[in-house]
Amino acid sequence: MQFDFAKWHGCGNDFVMVNGFNADMSQIAAHAAEICDRNFGVGADGVIFALPSDKCDLQMRIFNSDGSEAEMCGNGIRCFARFVREIGLSTKDSFTVETKAGTIIPRIVTSKEGKTLVEVDMGKPVLKAQEIPVAEYGSRRVISEPLQIGEKTFKITCVSMGNPHCVIFLDDLDNFDIKKWGPILEKHSLFPRKTNVEFVKVIDRKNLRMRVWERGAAVTLACGTGACATLTAAVLNDFADDCAELQLDGGKLIVRLDRESGKVYMTGPAQKVFEGKCDDSWQ
């Protein structure tokens, strides 16, 4: 089995993009972990498919680098928007995308500097614990709640952007051991579907520094849904204004909470790296 692909990244969060209109998604997805391997495969944080939809203009499905399927991906949806425009699956600047997290609406825009960016209507954050899901809290919101692991206590704020996030604010992010605590928090019993974990330092009310441990992908250079969850958590804790710039390991995103609609909007880049053909050498 061979298939064509394009490699794209959004702030360093990279993806193998596949036109599912002319490729067998089930066979390719079954080998997502091998394809994403950075030594023996293409190398990526996930594999994303552009597919037909009965509900929206297009459908997006994403498989993480460990082979698991994610509900949505913020950086991925920006790459998806530019990818489908480039290969002719859409001719519109704004269109609807069916995801497992619901309908997402990306819009291709041009910055004042002339750069092509993608603004995404990410929908309304989900804050009820049982809907995120977070165990033990019922329908309550989880805002700056203590979580003790051994002798370490974290204050967690939990948000779903179609996928679960646990946001933790730190005074010293540079010296924090994300590779130690990320997987422990991801798989904690409090999170029945596991969770993405964002570690955040507040620079000021309009600037946040974020690092992320992604569920199913470990440390990545950026996470779009995580950035949206982080701004939401920062507003809930009164650490940030409704619009802020988030500095991630791989770049910057602008995230805005619209008070009137309750929706979160994310704007950032998406860049093609190369195109190629993948063969079946992993089998």
# chains A, B, ... in the order shown; residues from 1 in each chain; ligands from 1
$ residues_around --residues "segment 65-76 of chain A" --least-positions-apart "4" --cutoff "6 Å" --atoms "only C-alpha atoms" --output "number ranges by chain"
A: 10, 32-33, 36, 45-46, 80, 100-101, 163, 216-217, 224-225
$ write_last_selection --atoms "N, CA, C and O atoms" --output "PDB file, in the first residue's frame"
ATOM      1  N   GLY A  10       1.982  23.457  12.557  1.00  0.00           N
ATOM      2  CA  GLY A  10       1.449  24.680  13.140  1.00  0.00           C
ATOM      3  C   GLY A  10       2.206  24.953  14.422  1.00  0.00           C
ATOM      4  O   GLY A  10       2.061  24.220  15.399  1.00  0.00           O
ATOM      5  N   ALA A  32      -0.559   4.433  12.066  1.00  0.00           N
ATOM      6  CA  ALA A  32      -0.237   5.821  12.413  1.00  0.00           C
ATOM      7  C   ALA A  32       1.032   5.914  13.253  1.00  0.00           C
ATOM      8  O   ALA A  32       1.860   6.815  13.053  1.00  0.00           O
ATOM      9  N   ALA A  33       1.199   5.008  14.215  1.00  0.00           N
ATOM     10  CA  ALA A  33       2.384   5.058  15.081  1.00  0.00           C
ATOM     11  C   ALA A  33       3.664   4.871  14.275  1.00  0.00           C
ATOM     12  O   ALA A  33       4.664   5.562  14.509  1.00  0.00           O
ATOM     13  N   CYS A  36       4.336   7.996  12.124  1.00  0.00           N
ATOM     14  CA  CYS A  36       4.775   9.142  12.924  1.00  0.00           C
ATOM     15  C   CYS A  36       6.160   8.962  13.540  1.00  0.00           C
ATOM     16  O   CYS A  36       6.724   9.930  14.062  1.00  0.00           O
ATOM     17  N   ASP A  45       3.568  14.395  14.883  1.00  0.00           N
ATOM     18  CA  ASP A  45       2.781  14.251  16.109  1.00  0.00           C
ATOM     19  C   ASP A  45       1.453  13.555  15.838  1.00  0.00           C
ATOM     20  O   ASP A  45       0.768  13.142  16.782  1.00  0.00           O
ATOM     21  N   GLY A  46       1.065  13.457  14.566  1.00  0.00           N
ATOM     22  CA  GLY A  46      -0.191  12.803  14.248  1.00  0.00           C
ATOM     23  C   GLY A  46      -0.403  12.696  12.749  1.00  0.00           C
ATOM     24  O   GLY A  46       0.304  13.325  11.954  1.00  0.00           O
ATOM     25  N   PHE A  80      -5.098  21.638   8.454  1.00  0.00           N
ATOM     26  CA  PHE A  80      -6.157  21.038   7.647  1.00  0.00           C
ATOM     27  C   PHE A  80      -6.760  22.086   6.705  1.00  0.00           C
ATOM     28  O   PHE A  80      -6.964  21.836   5.505  1.00  0.00           O
ATOM     29  N   LYS A 100     -14.767  14.898  15.707  1.00  0.00           N
ATOM     30  CA  LYS A 100     -15.361  14.153  16.807  1.00  0.00           C
ATOM     31  C   LYS A 100     -15.661  15.045  18.009  1.00  0.00           C
ATOM     32  O   LYS A 100     -16.285  14.608  18.971  1.00  0.00           O
ATOM     33  N   ALA A 101     -15.220  16.287  17.942  1.00  0.00           N
ATOM     34  CA  ALA A 101     -15.539  17.268  18.974  1.00  0.00           C
ATOM     35  C   ALA A 101     -16.671  18.193  18.535  1.00  0.00           C
ATOM     36  O   ALA A 101     -16.980  19.161  19.220  1.00  0.00           O
ATOM     37  N   ASN A 163     -11.797  18.021  23.656  1.00  0.00           N
ATOM     38  CA  ASN A 163     -10.893  17.036  24.241  1.00  0.00           C
ATOM     39  C   ASN A 163     -10.478  17.559  25.620  1.00  0.00           C
ATOM     40  O   ASN A 163     -10.506  18.759  25.883  1.00  0.00           O
ATOM     41  N   GLY A 216      -1.394  11.049  24.340  1.00  0.00           N
ATOM     42  CA  GLY A 216      -1.138  10.226  23.161  1.00  0.00           C
ATOM     43  C   GLY A 216       0.030  10.673  22.312  1.00  0.00           C
ATOM     44  O   GLY A 216       0.350  10.021  21.321  1.00  0.00           O
ATOM     45  N   ALA A 217       0.693  11.789  22.678  1.00  0.00           N
ATOM     46  CA  ALA A 217       1.802  12.280  21.852  1.00  0.00           C
ATOM     47  C   ALA A 217       2.983  12.784  22.669  1.00  0.00           C
ATOM     48  O   ALA A 217       3.996  13.167  22.102  1.00  0.00           O
ATOM     49  N   GLY A 224      -3.056  23.599  19.984  1.00  0.00           N
ATOM     50  CA  GLY A 224      -4.048  24.642  19.773  1.00  0.00           C
ATOM     51  C   GLY A 224      -5.218  24.566  20.738  1.00  0.00           C
ATOM     52  O   GLY A 224      -5.623  25.581  21.323  1.00  0.00           O
ATOM     53  N   THR A 225      -5.772  23.367  20.923  1.00  0.00           N
ATOM     54  CA  THR A 225      -6.860  23.237  21.893  1.00  0.00           C
ATOM     55  C   THR A 225      -6.337  23.527  23.294  1.00  0.00           C
ATOM     56  O   THR A 225      -7.051  24.098  24.128  1.00  0.00           O
TER      57      THR A 225
END
$ residues_around --residues "segment 227-243 of chain A" --least-positions-apart "5" --cutoff "7 Å" --atoms "only C-alpha atoms" --output "PyMOL selection string"
chain A and resi 157+159-161+165+167+205-206+255-257+264+266
$ write_last_selection --atoms "all heavy atoms" --output "compact mmCIF listing (two decimals), in the first residue's frame"
# COMPACT_ATOMS: atom_id res chain seq x y z
N THR A 157 -6.97 23.34 36.95
CA THR A 157 -8.19 23.89 36.37
C THR A 157 -8.46 23.08 35.10
O THR A 157 -7.57 22.95 34.25
CB THR A 157 -8.02 25.38 36.02
OG1 THR A 157 -7.75 26.11 37.23
CG2 THR A 157 -9.29 25.93 35.38
N VAL A 159 -10.70 21.94 31.66
CA VAL A 159 -11.51 22.48 30.57
C VAL A 159 -11.53 21.45 29.45
O VAL A 159 -10.54 20.77 29.21
CB VAL A 159 -10.89 23.80 30.03
CG1 VAL A 159 -11.71 24.35 28.87
CG2 VAL A 159 -10.74 24.84 31.13
N SER A 160 -12.67 21.34 28.77
CA SER A 160 -12.70 20.58 27.52
C SER A 160 -12.90 21.53 26.36
O SER A 160 -13.78 22.40 26.39
CB SER A 160 -13.82 19.54 27.53
OG SER A 160 -13.92 18.92 26.25
N MET A 161 -12.07 21.35 25.33
CA MET A 161 -12.28 22.04 24.06
C MET A 161 -12.64 20.99 23.01
O MET A 161 -12.17 21.01 21.88
CB MET A 161 -11.02 22.80 23.65
CG MET A 161 -10.64 23.96 24.52
SD MET A 161 -11.92 25.25 24.68
CE MET A 161 -12.31 25.63 22.99
N HIS A 165 -8.56 18.78 29.02
CA HIS A 165 -7.33 19.50 29.37
C HIS A 165 -7.29 19.76 30.86
O HIS A 165 -8.30 20.10 31.48
CB HIS A 165 -7.25 20.84 28.63
CG HIS A 165 -7.10 20.70 27.16
ND1 HIS A 165 -5.88 20.63 26.53
CD2 HIS A 165 -8.04 20.58 26.18
CE1 HIS A 165 -6.06 20.48 25.23
NE2 HIS A 165 -7.37 20.45 24.99
N VAL A 167 -5.10 22.25 33.25
CA VAL A 167 -4.20 23.41 33.18
C VAL A 167 -3.63 23.69 34.57
O VAL A 167 -4.38 23.78 35.55
CB VAL A 167 -4.93 24.65 32.65
CG1 VAL A 167 -3.96 25.82 32.51
CG2 VAL A 167 -5.60 24.35 31.31
N ARG A 205 -1.20 40.00 32.00
CA ARG A 205 -2.58 39.67 31.66
C ARG A 205 -2.81 39.48 30.17
O ARG A 205 -3.86 38.96 29.76
CB ARG A 205 -3.53 40.74 32.21
CG ARG A 205 -3.55 40.80 33.74
CD ARG A 205 -4.67 41.70 34.23
NE ARG A 205 -5.98 41.17 33.91
CZ ARG A 205 -6.65 40.31 34.67
NH1 ARG A 205 -6.12 39.85 35.80
NH2 ARG A 205 -7.86 39.91 34.31
N LYS A 206 -1.85 39.84 29.35
CA LYS A 206 -2.00 39.67 27.91
C LYS A 206 -0.97 38.73 27.31
O LYS A 206 -0.94 38.52 26.09
CB LYS A 206 -1.92 41.04 27.20
CG LYS A 206 -3.07 41.97 27.56
CD LYS A 206 -3.01 43.24 26.75
CE LYS A 206 -4.13 44.19 27.13
NZ LYS A 206 -5.47 43.61 26.85
N VAL A 255 -5.22 33.95 21.23
CA VAL A 255 -6.47 33.30 21.65
C VAL A 255 -7.37 34.36 22.27
O VAL A 255 -6.93 35.17 23.09
CB VAL A 255 -6.21 32.15 22.64
CG1 VAL A 255 -7.51 31.45 22.99
CG2 VAL A 255 -5.21 31.16 22.05
N ARG A 256 -8.64 34.31 21.86
CA ARG A 256 -9.60 35.32 22.32
C ARG A 256 -10.89 34.65 22.79
O ARG A 256 -11.43 33.78 22.09
CB ARG A 256 -9.91 36.29 21.18
CG ARG A 256 -11.00 37.30 21.47
CD ARG A 256 -11.12 38.31 20.34
NE ARG A 256 -11.46 37.68 19.07
CZ ARG A 256 -12.73 37.48 18.66
NH1 ARG A 256 -13.75 37.83 19.43
NH2 ARG A 256 -12.95 36.92 17.48
N LEU A 257 -11.36 35.04 23.96
CA LEU A 257 -12.64 34.59 24.47
C LEU A 257 -13.67 35.67 24.21
O LEU A 257 -13.53 36.80 24.68
CB LEU A 257 -12.55 34.30 25.97
CG LEU A 257 -13.87 33.97 26.69
CD1 LEU A 257 -14.47 32.68 26.15
CD2 LEU A 257 -13.64 33.86 28.20
N VAL A 264 -14.49 30.55 21.92
CA VAL A 264 -13.06 30.86 21.91
C VAL A 264 -12.57 30.86 20.46
O VAL A 264 -12.90 29.95 19.69
CB VAL A 264 -12.27 29.83 22.75
CG1 VAL A 264 -10.77 30.12 22.67
CG2 VAL A 264 -12.73 29.84 24.19
N MET A 266 -9.10 31.13 17.99
CA MET A 266 -7.65 30.96 17.97
C MET A 266 -7.12 31.36 16.59
O MET A 266 -7.69 30.96 15.57
CB MET A 266 -7.30 29.50 18.24
CG MET A 266 -5.83 29.14 18.01
SD MET A 266 -5.59 27.34 17.96
CE MET A 266 -6.57 26.89 16.52
$ select_by_dssp --residues "segment 94-138 of chain A" --states "strand (DSSP E)" --output "MDAnalysis selection string"
chainID A and resid 97:99 102:110 116:121
$ write_last_selection --atoms "C-alpha atoms" --output "mmCIF file, in the first residue's frame"
data_model
loop_
_atom_site.group_PDB
_atom_site.id
_atom_site.type_symbol
_atom_site.label_atom_id
_atom_site.label_comp_id
_atom_site.auth_asym_id
_atom_site.auth_seq_id
_atom_site.Cartn_x
_atom_site.Cartn_y
_atom_site.Cartn_z
ATOM 1 C CA VAL A 97 -15.434 20.861 9.395
ATOM 2 C CA GLU A 98 -16.941 17.818 11.071
ATOM 3 C CA THR A 99 -14.770 16.511 13.924
ATOM 4 C CA GLY A 102 -18.351 18.750 16.861
ATOM 5 C CA THR A 103 -18.400 21.291 14.042
ATOM 6 C CA ILE A 104 -15.327 23.535 13.811
ATOM 7 C CA ILE A 105 -15.128 26.562 11.511
ATOM 8 C CA PRO A 106 -11.671 27.667 10.304
ATOM 9 C CA ARG A 107 -11.206 30.885 8.331
ATOM 10 C CA ILE A 108 -8.137 31.730 6.263
ATOM 11 C CA VAL A 109 -7.075 35.330 6.888
ATOM 12 C CA THR A 110 -4.192 37.658 6.007
ATOM 13 C CA THR A 116 -1.453 33.845 5.699
ATOM 14 C CA LEU A 117 -2.965 32.767 9.022
ATOM 15 C CA VAL A 118 -5.944 30.683 10.049
ATOM 16 C CA GLU A 119 -8.513 31.884 12.570
ATOM 17 C CA VAL A 120 -10.582 29.098 14.076
ATOM 18 C CA ASP A 121 -13.939 29.304 15.819
#
$ residues_around --residues "Leu147 of chain A" --least-positions-apart "2" --cutoff "12 Å" --atoms "only C-alpha atoms" --output "ChimeraX atom specification"
/A:136,142-145,149-158,166-168,184-185,188-191
$ write_last_selection --atoms "N, CA, C and O atoms" --output "mmCIF file, in the first residue's frame"
data_model
loop_
_atom_site.group_PDB
_atom_site.id
_atom_site.type_symbol
_atom_site.label_atom_id
_atom_site.label_comp_id
_atom_site.auth_asym_id
_atom_site.auth_seq_id
_atom_site.Cartn_x
_atom_site.Cartn_y
_atom_site.Cartn_z
ATOM 1 N N GLU A 136 -15.187 12.510 40.172
ATOM 2 C CA GLU A 136 -15.351 12.928 41.574
ATOM 3 C C GLU A 136 -15.941 14.320 41.766
ATOM 4 O O GLU A 136 -16.302 14.695 42.878
ATOM 5 N N VAL A 142 -14.053 22.640 37.879
ATOM 6 C CA VAL A 142 -12.785 22.333 38.540
ATOM 7 C C VAL A 142 -11.851 23.513 38.295
ATOM 8 O O VAL A 142 -11.178 23.596 37.261
ATOM 9 N N ILE A 143 -11.815 24.438 39.243
ATOM 10 C CA ILE A 143 -11.026 25.667 39.103
ATOM 11 C C ILE A 143 -10.088 25.786 40.300
ATOM 12 O O ILE A 143 -10.534 25.910 41.442
ATOM 13 N N SER A 144 -8.793 25.694 40.027
ATOM 14 C CA SER A 144 -7.754 25.799 41.054
ATOM 15 C C SER A 144 -8.000 24.830 42.206
ATOM 16 O O SER A 144 -7.859 25.178 43.378
ATOM 17 N N GLU A 145 -8.346 23.596 41.854
ATOM 18 C CA GLU A 145 -8.584 22.557 42.850
ATOM 19 C C GLU A 145 -7.269 21.819 43.146
ATOM 20 O O GLU A 145 -6.496 21.530 42.232
ATOM 21 N N ILE A 149 -0.197 14.399 44.546
ATOM 22 C CA ILE A 149 0.440 13.188 44.036
ATOM 23 C C ILE A 149 1.722 13.002 44.839
ATOM 24 O O ILE A 149 2.687 13.747 44.664
ATOM 25 N N GLY A 150 1.717 12.041 45.749
ATOM 26 C CA GLY A 150 2.837 11.880 46.658
ATOM 27 C C GLY A 150 2.959 13.116 47.540
ATOM 28 O O GLY A 150 1.991 13.537 48.166
ATOM 29 N N GLU A 151 4.131 13.712 47.553
ATOM 30 C CA GLU A 151 4.346 14.922 48.350
ATOM 31 C C GLU A 151 4.119 16.199 47.545
ATOM 32 O O GLU A 151 4.270 17.299 48.065
ATOM 33 N N LYS A 152 3.760 16.045 46.282
ATOM 34 C CA LYS A 152 3.574 17.195 45.388
ATOM 35 C C LYS A 152 2.088 17.543 45.283
ATOM 36 O O LYS A 152 1.251 16.660 45.085
ATOM 37 N N THR A 153 1.744 18.823 45.402
ATOM 38 C CA THR A 153 0.369 19.272 45.246
ATOM 39 C C THR A 153 0.280 20.243 44.070
ATOM 40 O O THR A 153 1.002 21.241 44.018
ATOM 41 N N PHE A 154 -0.602 19.916 43.128
ATOM 42 C CA PHE A 154 -0.865 20.790 41.994
ATOM 43 C C PHE A 154 -2.233 21.428 42.164
ATOM 44 O O PHE A 154 -3.149 20.799 42.689
ATOM 45 N N LYS A 155 -2.388 22.647 41.704
ATOM 46 C CA LYS A 155 -3.704 23.253 41.625
ATOM 47 C C LYS A 155 -4.153 23.180 40.165
ATOM 48 O O LYS A 155 -3.520 23.768 39.293
ATOM 49 N N ILE A 156 -5.224 22.437 39.928
ATOM 50 C CA ILE A 156 -5.641 22.139 38.564
ATOM 51 C C ILE A 156 -6.922 22.887 38.199
ATOM 52 O O ILE A 156 -7.815 23.073 39.020
ATOM 53 N N THR A 157 -6.972 23.338 36.950
ATOM 54 C CA THR A 157 -8.186 23.890 36.366
ATOM 55 C C THR A 157 -8.463 23.082 35.101
ATOM 56 O O THR A 157 -7.574 22.951 34.246
ATOM 57 N N CYS A 158 -9.667 22.526 34.994
ATOM 58 C CA CYS A 158 -9.965 21.580 33.922
ATOM 59 C C CYS A 158 -10.985 22.147 32.946
ATOM 60 O O CYS A 158 -11.988 22.745 33.345
ATOM 61 N N CYS A 166 -6.095 19.631 31.418
ATOM 62 C CA CYS A 166 -5.819 19.971 32.811
ATOM 63 C C CYS A 166 -4.752 21.057 32.792
ATOM 64 O O CYS A 166 -3.623 20.823 32.333
ATOM 65 N N VAL A 167 -5.098 22.254 33.254
ATOM 66 C CA VAL A 167 -4.197 23.405 33.183
ATOM 67 C C VAL A 167 -3.632 23.689 34.572
ATOM 68 O O VAL A 167 -4.381 23.783 35.549
ATOM 69 N N ILE A 168 -2.297 23.821 34.627
ATOM 70 C CA ILE A 168 -1.612 24.053 35.895
ATOM 71 C C ILE A 168 -0.722 25.286 35.745
ATOM 72 O O ILE A 168 0.134 25.350 34.855
ATOM 73 N N ILE A 184 2.335 11.232 34.350
ATOM 74 C CA ILE A 184 1.643 10.881 35.598
ATOM 75 C C ILE A 184 0.279 11.554 35.644
ATOM 76 O O ILE A 184 -0.745 10.923 35.970
ATOM 77 N N LEU A 185 0.237 12.831 35.293
ATOM 78 C CA LEU A 185 -1.023 13.563 35.299
ATOM 79 C C LEU A 185 -1.943 13.087 34.175
ATOM 80 O O LEU A 185 -3.163 12.961 34.367
ATOM 81 N N HIS A 188 -3.690 9.954 35.341
ATOM 82 C CA HIS A 188 -4.224 9.932 36.702
ATOM 83 C C HIS A 188 -5.667 9.434 36.704
ATOM 84 O O HIS A 188 -6.439 9.704 35.770
ATOM 85 N N SER A 189 -6.051 8.736 37.755
ATOM 86 C CA SER A 189 -7.393 8.150 37.835
ATOM 87 C C SER A 189 -8.503 9.202 37.825
ATOM 88 O O SER A 189 -9.665 8.887 37.563
ATOM 89 N N LEU A 190 -8.165 10.452 38.090
ATOM 90 C CA LEU A 190 -9.144 11.528 38.052
ATOM 91 C C LEU A 190 -9.664 11.757 36.633
ATOM 92 O O LEU A 190 -10.754 12.314 36.443
ATOM 93 N N PHE A 191 -8.879 11.301 35.633
ATOM 94 C CA PHE A 191 -9.226 11.549 34.237
ATOM 95 C C PHE A 191 -9.544 10.232 33.531
ATOM 96 O O PHE A 191 -8.636 9.548 33.034
#
$ residues_around --residues "Val219 of chain A" --least-positions-apart "2" --cutoff "12 Å" --atoms "only C-alpha atoms" --output "ChimeraX atom specification"
/A:12-13,45,65,177-183,186,196-199,210-217,221-223,248-250
$ write_last_selection --atoms "N, CA and C atoms" --output "PDB file, in the first residue's frame"
ATOM      1  N   GLY A  12       5.198  24.250  15.075  1.00  0.00           N
ATOM      2  CA  GLY A  12       6.040  23.104  15.393  1.00  0.00           C
ATOM      3  C   GLY A  12       5.284  21.841  15.714  1.00  0.00           C
ATOM      4  N   ASN A  13       3.971  21.919  15.865  1.00  0.00           N
ATOM      5  CA  ASN A  13       3.113  20.737  16.061  1.00  0.00           C
ATOM      6  C   ASN A  13       2.871  20.175  14.661  1.00  0.00           C
ATOM      7  N   ASP A  45       3.568  14.395  14.883  1.00  0.00           N
ATOM      8  CA  ASP A  45       2.781  14.251  16.109  1.00  0.00           C
ATOM      9  C   ASP A  45       1.453  13.555  15.838  1.00  0.00           C
ATOM     10  N   SER A  65       0.402  10.084  17.557  1.00  0.00           N
ATOM     11  CA  SER A  65       1.624   9.338  17.260  1.00  0.00           C
ATOM     12  C   SER A  65       1.703   8.007  17.990  1.00  0.00           C
ATOM     13  N   ASP A 177       9.906  19.785  35.585  1.00  0.00           N
ATOM     14  CA  ASP A 177      10.177  18.526  34.883  1.00  0.00           C
ATOM     15  C   ASP A 177       8.896  18.013  34.223  1.00  0.00           C
ATOM     16  N   ILE A 178       8.624  18.509  33.017  1.00  0.00           N
ATOM     17  CA  ILE A 178       7.396  18.149  32.322  1.00  0.00           C
ATOM     18  C   ILE A 178       7.380  16.671  31.927  1.00  0.00           C
ATOM     19  N   LYS A 179       8.557  16.117  31.632  1.00  0.00           N
ATOM     20  CA  LYS A 179       8.605  14.712  31.218  1.00  0.00           C
ATOM     21  C   LYS A 179       8.349  13.757  32.379  1.00  0.00           C
ATOM     22  N   LYS A 180       8.565  14.223  33.591  1.00  0.00           N
ATOM     23  CA  LYS A 180       8.252  13.405  34.761  1.00  0.00           C
ATOM     24  C   LYS A 180       6.773  13.484  35.094  1.00  0.00           C
ATOM     25  N   TRP A 181       6.260  14.709  35.204  1.00  0.00           N
ATOM     26  CA  TRP A 181       4.903  14.895  35.705  1.00  0.00           C
ATOM     27  C   TRP A 181       3.836  14.794  34.629  1.00  0.00           C
ATOM     28  N   GLY A 182       4.189  15.081  33.375  1.00  0.00           N
ATOM     29  CA  GLY A 182       3.213  15.002  32.295  1.00  0.00           C
ATOM     30  C   GLY A 182       2.513  13.662  32.194  1.00  0.00           C
ATOM     31  N   PRO A 183       3.263  12.553  32.069  1.00  0.00           N
ATOM     32  CA  PRO A 183       2.602  11.251  31.936  1.00  0.00           C
ATOM     33  C   PRO A 183       1.860  10.810  33.186  1.00  0.00           C
ATOM     34  N   GLU A 186      -1.383  12.840  33.002  1.00  0.00           N
ATOM     35  CA  GLU A 186      -2.187  12.373  31.860  1.00  0.00           C
ATOM     36  C   GLU A 186      -3.007  11.135  32.221  1.00  0.00           C
ATOM     37  N   ASN A 196      -4.920  15.909  28.350  1.00  0.00           N
ATOM     38  CA  ASN A 196      -3.799  16.755  27.973  1.00  0.00           C
ATOM     39  C   ASN A 196      -3.458  17.611  29.188  1.00  0.00           C
ATOM     40  N   VAL A 197      -2.193  17.953  29.335  1.00  0.00           N
ATOM     41  CA  VAL A 197      -1.784  18.746  30.499  1.00  0.00           C
ATOM     42  C   VAL A 197      -0.988  19.960  30.029  1.00  0.00           C
ATOM     43  N   GLU A 198      -1.463  21.143  30.416  1.00  0.00           N
ATOM     44  CA  GLU A 198      -0.776  22.392  30.084  1.00  0.00           C
ATOM     45  C   GLU A 198      -0.134  22.969  31.341  1.00  0.00           C
ATOM     46  N   PHE A 199       1.139  23.302  31.243  1.00  0.00           N
ATOM     47  CA  PHE A 199       1.884  23.935  32.325  1.00  0.00           C
ATOM     48  C   PHE A 199       2.149  25.372  31.894  1.00  0.00           C
ATOM     49  N   MET A 210       3.304  28.821  27.731  1.00  0.00           N
ATOM     50  CA  MET A 210       2.687  27.501  27.918  1.00  0.00           C
ATOM     51  C   MET A 210       3.555  26.396  27.347  1.00  0.00           C
ATOM     52  N   ARG A 211       3.673  25.306  28.110  1.00  0.00           N
ATOM     53  CA  ARG A 211       4.255  24.064  27.600  1.00  0.00           C
ATOM     54  C   ARG A 211       3.203  22.975  27.762  1.00  0.00           C
ATOM     55  N   VAL A 212       3.285  21.958  26.922  1.00  0.00           N
ATOM     56  CA  VAL A 212       2.185  20.984  26.907  1.00  0.00           C
ATOM     57  C   VAL A 212       2.704  19.550  26.859  1.00  0.00           C
ATOM     58  N   TRP A 213       2.025  18.718  27.640  1.00  0.00           N
ATOM     59  CA  TRP A 213       2.152  17.266  27.528  1.00  0.00           C
ATOM     60  C   TRP A 213       0.849  16.797  26.886  1.00  0.00           C
ATOM     61  N   GLU A 214       0.937  16.337  25.635  1.00  0.00           N
ATOM     62  CA  GLU A 214      -0.276  15.952  24.919  1.00  0.00           C
ATOM     63  C   GLU A 214      -0.612  14.487  25.142  1.00  0.00           C
ATOM     64  N   ARG A 215      -1.863  14.254  25.415  1.00  0.00           N
ATOM     65  CA  ARG A 215      -2.385  12.901  25.543  1.00  0.00           C
ATOM     66  C   ARG A 215      -2.129  12.148  24.238  1.00  0.00           C
ATOM     67  N   GLY A 216      -1.394  11.049  24.340  1.00  0.00           N
ATOM     68  CA  GLY A 216      -1.138  10.226  23.161  1.00  0.00           C
ATOM     69  C   GLY A 216       0.030  10.673  22.312  1.00  0.00           C
ATOM     70  N   ALA A 217       0.693  11.789  22.678  1.00  0.00           N
ATOM     71  CA  ALA A 217       1.802  12.280  21.852  1.00  0.00           C
ATOM     72  C   ALA A 217       2.983  12.784  22.669  1.00  0.00           C
ATOM     73  N   LEU A 221       5.545  20.688  20.569  1.00  0.00           N
ATOM     74  CA  LEU A 221       5.962  22.086  20.528  1.00  0.00           C
ATOM     75  C   LEU A 221       4.795  23.055  20.632  1.00  0.00           C
ATOM     76  N   ALA A 222       3.574  22.551  20.428  1.00  0.00           N
ATOM     77  CA  ALA A 222       2.399  23.418  20.507  1.00  0.00           C
ATOM     78  C   ALA A 222       1.146  22.567  20.597  1.00  0.00           C
ATOM     79  N   CYS A 223       0.080  23.167  21.111  1.00  0.00           N
ATOM     80  CA  CYS A 223      -1.233  22.512  21.158  1.00  0.00           C
ATOM     81  C   CYS A 223      -2.292  23.601  21.075  1.00  0.00           C
ATOM     82  N   LEU A 248       4.349  29.441  22.908  1.00  0.00           N
ATOM     83  CA  LEU A 248       4.549  28.004  23.002  1.00  0.00           C
ATOM     84  C   LEU A 248       5.971  27.671  22.589  1.00  0.00           C
ATOM     85  N   ASP A 249       6.384  26.446  22.780  1.00  0.00           N
ATOM     86  CA  ASP A 249       7.750  26.073  22.418  1.00  0.00           C
ATOM     87  C   ASP A 249       8.018  26.289  20.932  1.00  0.00           C
ATOM     88  N   GLY A 250       6.961  26.145  20.098  1.00  0.00           N
ATOM     89  CA  GLY A 250       7.164  26.221  18.656  1.00  0.00           C
ATOM     90  C   GLY A 250       6.673  27.492  17.992  1.00  0.00           C
TER      91      GLY A 250
END
$ residues_around --residues "segment 124-132 of chain A" --least-positions-apart "2" --cutoff "6 Å" --atoms "only C-alpha atoms" --output "NGL selection string"
:A and (134 or 137-141 or 159-161 or 164 or 262-263)
$ atom_distance --atom1 "atom CA of Asp57 of chain A" --atom2 "atom CA of Arg78 of chain A"
15.3 Å
$ residues_around --residues "Ser90 of chain A" --least-positions-apart "3" --cutoff "9 Å" --atoms "only C-alpha atoms" --output "list in words"
Asp57, Leu58, Ala81, Val84, Arg85, Glu86, Ile87, Asp93 and Phe95 of chain A
$ residues_around --residues "Ala44 of chain A" --least-positions-apart "2" --cutoff "9 Å" --atoms "only C-alpha atoms" --output "PyMOL selection string"
chain A and resi 7+9+13-16+35-38+41-42+46-47+64-65
